[in-house]
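What follows is one structure encoded as structure tokens, with my remarks underneath.
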Amino acid sequence: MAPTASIIVPTQDRPEYLEVALRSITPQATVAGAEVIVVDDGPSAATRAVAERHGARYVARTAPHGLNAARNAGVDAAASELLVFADDDVDVHPGWLDALITAHAVAGDDVGAFTGPITPRFEDHRFHTCGREGPPVTFLDLGRDDTDADHAWGANMTVRRATVERIGRFDEALNFGAGDEQEWQDRLRAAGLRIRYVAAAGLDHRRAGDDARLRSLVRSAFRRGRSTRRWDAWRGAAPTAATELRTLAGCLWHTVRRACWMNGPVMAAHSLGRLREALDPQPPPARPGVDDFLAGRSGHVAGRRATVLRAADVVLDLAATPTRHRLDRAAAAGPRRRVHVVAIDRPGSALGAALDELRRSRHDVRVHPGPLRQGVGKFARVAELLAEHPPGDADWLVVLDDDVVLPSGFLDRFVACAEAADLRLAQPAHRLHSHAAWPVTRRAVDPRSAVRETRFVEIGPITAFRADTLGVLLPFPELRMGWGLDVHWGAVAREHRWRVGVVDATPILHLAPVAADYDREGAAGEARAFLADRPYVTRGEAGWSRPLEVERSR
């Protein structure tokens, strides 16, 4: 007998939220004879454990592919005609599922989807608004009576399988972080179908722990602002940058005029994210196997933008002074390490100054520079240097380009932060005005950030490998320029459960744009061939990061 409903919960690396969601969902599912399916978009043992503990069916994606891909995977796994989608950060109200099943039973064929009230809930930390603006998480309240709705937000969205069969699946190419379900609902309405609001099918949309702190809400709002701007640009509805700037000014004025000291900054951060995206748009969605291993942008920084970012770096440097001093004191008290350095040295390069900075370290630094040989690719030359000068008993291997400027005290602080955060692969963050193709590698705008966990580190301009990774990663494969190897390392790190990260406390300056002195397409073609039969992290995965508290990691 088919279940009365299939409740599909897409999730990714949030077992604590999922625990609360399933605790509220599964009892209702059991009583109603429904099934619960957890779709893990990038599998984790912790997520699987939560799903199995609550009796949910666990569907694992091999790697993150976005919310719509997870929804489609849930549809494929579901056995019911009623597909109930809920986010992993909800807590459903009593009667939620019964109300949806009843609405489905009595609704006419012209109803293609259902939704219900979504109530924001902030736990552990108080959040106040002035009452003139909505809260900074998805919410919906159309009253106490059932009625038609314009949208069914994904946190509380139920669809009929017949609707999916009629208008098609969720578009997996729409991986902006916003608007994922809206395009599907546009198709629903274009087919003459309605969305029904079911007043009794309510749930809470939660923010808990550090996620409920103002600083976390501000960061999240900034990212959401960029996402919503990308979605608007995709559908041709994005306002001009001047309009975005006026909106930002209005948010700041609202904050001061209404003394809205919590929701005001969150709204301003959302608006700032939209403005940032308008001035520096993200690249279009990547194509699997073609360019999904590339950053999608040159990372070149010049002109007026470079001037503004250089000034922002000065401000961040000053604001980060207390954090830097604290980390330096911790580094001075830590153990001395053996650090093995290999570097390409070209005539007129900046390598000499960088090596002088490394040698000033309290660590035992062994430096092995070598000239770039005619006809030998840059990364191939690094592999040669490592064969000539193996790391031996080194605690860390550092591969260094010759076009970087290192901050004072670089190596002591970098090693201390990497070890405190238990990083196996690490790289220093780029300064904001540095040439850097991957946005995730630029320094965090929070001056208190010391280390962020990421899913990959680049092959340059500086990459550090802890000794216990070298038996797996060395010798490096035969690649001229090394493109594609770093995203493969990300997959290897995931397989071995190595923590990978970017050290914000040691921002470096990369003096030359990526691929400034060699054939970019040739390097990309070499990477495609290398990755054809190897796992790797995609652009979407590589953009993920989260701050780490290094004190807790020691």
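Ligands are numbered from 1 in the order shown, chains are lettered A, B, ... in the order of the structure tokens, and residues start at 1 in each chain.
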* To do: List the neighbours of stretch 311-324 of chain A out to 12 Å using only C-alpha atoms; skip same-chain residues closer than 6 positions along the sequence, and give me the result as a PyMOL selection string.
  => chain A and resi 304-305+330-331+407-410+412-414+416-417+430-434+442-451+503-509+549-551
* Could you give me, as a PyMOL selection string, each residue of stretch 243-450 of chain A that DSSP assigns to strand (DSSP E) when run on this structure's backbone? => chain A and resi 338-345+364-371+396-400+404-405+425-430
Could you make a table, as a tab-separated table, of the residues of stretch 132-208 of chain A that have an atom within 6 Å of an atom of stretch 226-240 of chain A, each with its nearest atom pair and distance in Å to one decimal, counting only C-alpha atoms, in chain and number order?
residue	atom	partner	partner_atom	distance
A:Phe176	CA	A:Ser227	CA	5.5
A:Gly177	CA	A:Ser227	CA	5.3
A:Ala178	CA	A:Thr228	CA	5.4
A:Gly179	CA	A:Trp231	CA	6.0
* Pick from A:Glu183, A:Asp171, A:Leu214, A:Ala201: nearest to A:Phe122, with only C-alpha atoms counted? ->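 For A:Phe122, the nearest of the candidates is A:Leu214.
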* To do: Just the residues within 8 Å of stretch 34-49 of chain A, please, counting only C-alpha atoms, with nothing from its chain fewer than 5 positions along; format it as a VMD selection string.
  => chain A and resid 3 to 15 18 26 29 55 to 67 70 to 71 73 to 74 77 to 78
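Counting only C-alpha atoms, the residue from A:Phe222, A:Trp261, A:Phe139, A:Phe170 that sits nearest to A:Phe127 is A:Trp261.
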* To do: Tell me, in Å to one decimal, how far atom CA of A:Pro265 is from atom CA of A:Asp210.
  =>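 We find that atom CA of A:Pro265 and atom CA of A:Asp210 lie 16.9 Å from each other.
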Hey, what does DSSP flag as alpha helix (DSSP H) within stretch 112-286 of chain A? Can you give it to me as a CSV table (one decimal) with C-alpha atoms, in the first residue's frame?
chain,number,residue,atom,x,y,z
A,161,ARG,CA,3.1,14.2,-8.3
A,162,ALA,CA,0.7,14.8,-11.2
A,163,THR,CA,1.9,18.4,-11.2
A,164,VAL,CA,5.5,17.4,-11.6
A,165,GLU,CA,4.6,15.0,-14.4
A,166,ARG,CA,2.7,17.8,-16.1
A,167,ILE,CA,5.1,20.7,-15.9
A,182,GLN,CA,10.1,30.0,-7.9
A,183,GLU,CA,10.9,29.2,-11.5
A,184,TRP,CA,9.0,25.8,-11.1
A,185,GLN,CA,6.0,27.7,-9.6
A,186,ASP,CA,6.1,30.1,-12.5
A,187,ARG,CA,5.6,27.1,-14.8
A,188,LEU,CA,2.9,25.9,-12.5
A,189,ARG,CA,0.9,29.1,-12.9
A,190,ALA,CA,1.6,29.3,-16.6
A,214,LEU,CA,23.4,39.1,15.1
A,215,ARG,CA,26.8,38.7,13.4
A,216,SER,CA,25.7,35.3,11.9
A,217,LEU,CA,22.4,36.8,10.7
A,218,VAL,CA,24.3,39.6,9.1
A,219,ARG,CA,26.7,37.3,7.3
A,220,SER,CA,23.8,35.1,6.1
A,221,ALA,CA,21.8,38.2,4.9
A,222,PHE,CA,24.8,39.3,2.9
A,223,ARG,CA,25.1,35.9,1.2
A,224,ARG,CA,21.3,35.8,0.6
A,225,GLY,CA,21.5,39.3,-0.9
A,226,ARG,CA,24.0,38.2,-3.4
A,227,SER,CA,21.9,35.1,-4.2
A,228,THR,CA,18.6,37.1,-4.7
A,229,ARG,CA,20.4,39.5,-6.9
A,230,ARG,CA,21.7,36.6,-9.1
A,231,TRP,CA,18.2,35.2,-9.3
A,232,ASP,CA,16.8,38.6,-10.3
A,233,ALA,CA,19.5,39.0,-12.9
A,234,TRP,CA,18.8,35.5,-14.3
A,241,ALA,CA,23.4,49.4,-9.2
A,242,ALA,CA,22.3,52.9,-8.4
A,243,THR,CA,19.0,51.7,-7.3
A,244,GLU,CA,20.6,49.1,-5.1
A,245,LEU,CA,22.8,51.8,-3.6
A,246,ARG,CA,19.7,53.9,-2.8
A,247,THR,CA,18.1,50.9,-1.1
A,248,LEU,CA,21.2,50.4,1.0
A,249,ALA,CA,21.1,54.0,2.1
A,250,GLY,CA,17.4,53.6,3.0
A,251,CYS,CA,18.2,50.6,5.1
A,252,LEU,CA,21.0,52.5,7.0
A,253,TRP,CA,18.6,55.5,7.5
A,254,HIS,CA,15.9,53.1,8.8
A,255,THR,CA,18.4,51.7,11.3
A,256,VAL,CA,19.2,55.1,12.7
A,257,ARG,CA,15.8,56.7,12.5
A,263,ASN,CA,17.0,44.0,12.1
A,264,GLY,CA,18.3,47.2,10.6
A,265,PRO,CA,21.9,45.9,10.2
A,266,VAL,CA,20.6,42.6,8.8
A,267,MET,CA,18.5,44.4,6.2
A,268,ALA,CA,21.5,46.6,5.4
A,269,ALA,CA,23.7,43.5,5.0
A,270,HIS,CA,21.2,42.0,2.6
A,271,SER,CA,21.2,45.2,0.6
A,272,LEU,CA,24.9,45.4,0.6
A,273,GLY,CA,25.1,41.8,-0.7
A,274,ARG,CA,22.8,42.8,-3.6
A,275,LEU,CA,25.0,45.8,-4.3
A,276,ARG,CA,28.2,43.8,-4.2
A,277,GLU,CA,26.7,41.3,-6.7
A,278,ALA,CA,25.6,44.2,-9.0
A,279,LEU,CA,29.2,45.5,-9.0
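Atom CA of A:Ala103 to atom CA of A:Thr30 spans 18.8 Å [interatomic distance, one decimal].
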* Surrounding residues of A:Ala464 excluding itself and chain neighbours under 6 positions, 9 Å, only C-alpha atoms, as a VMD selection string -> chain A and resid 396 to 400 424 to 428
* Please measure the separation of atom CA of A:Asp486 and atom CA of A:Thr463, giving the value in Å to one decimal. => 9.8 Å
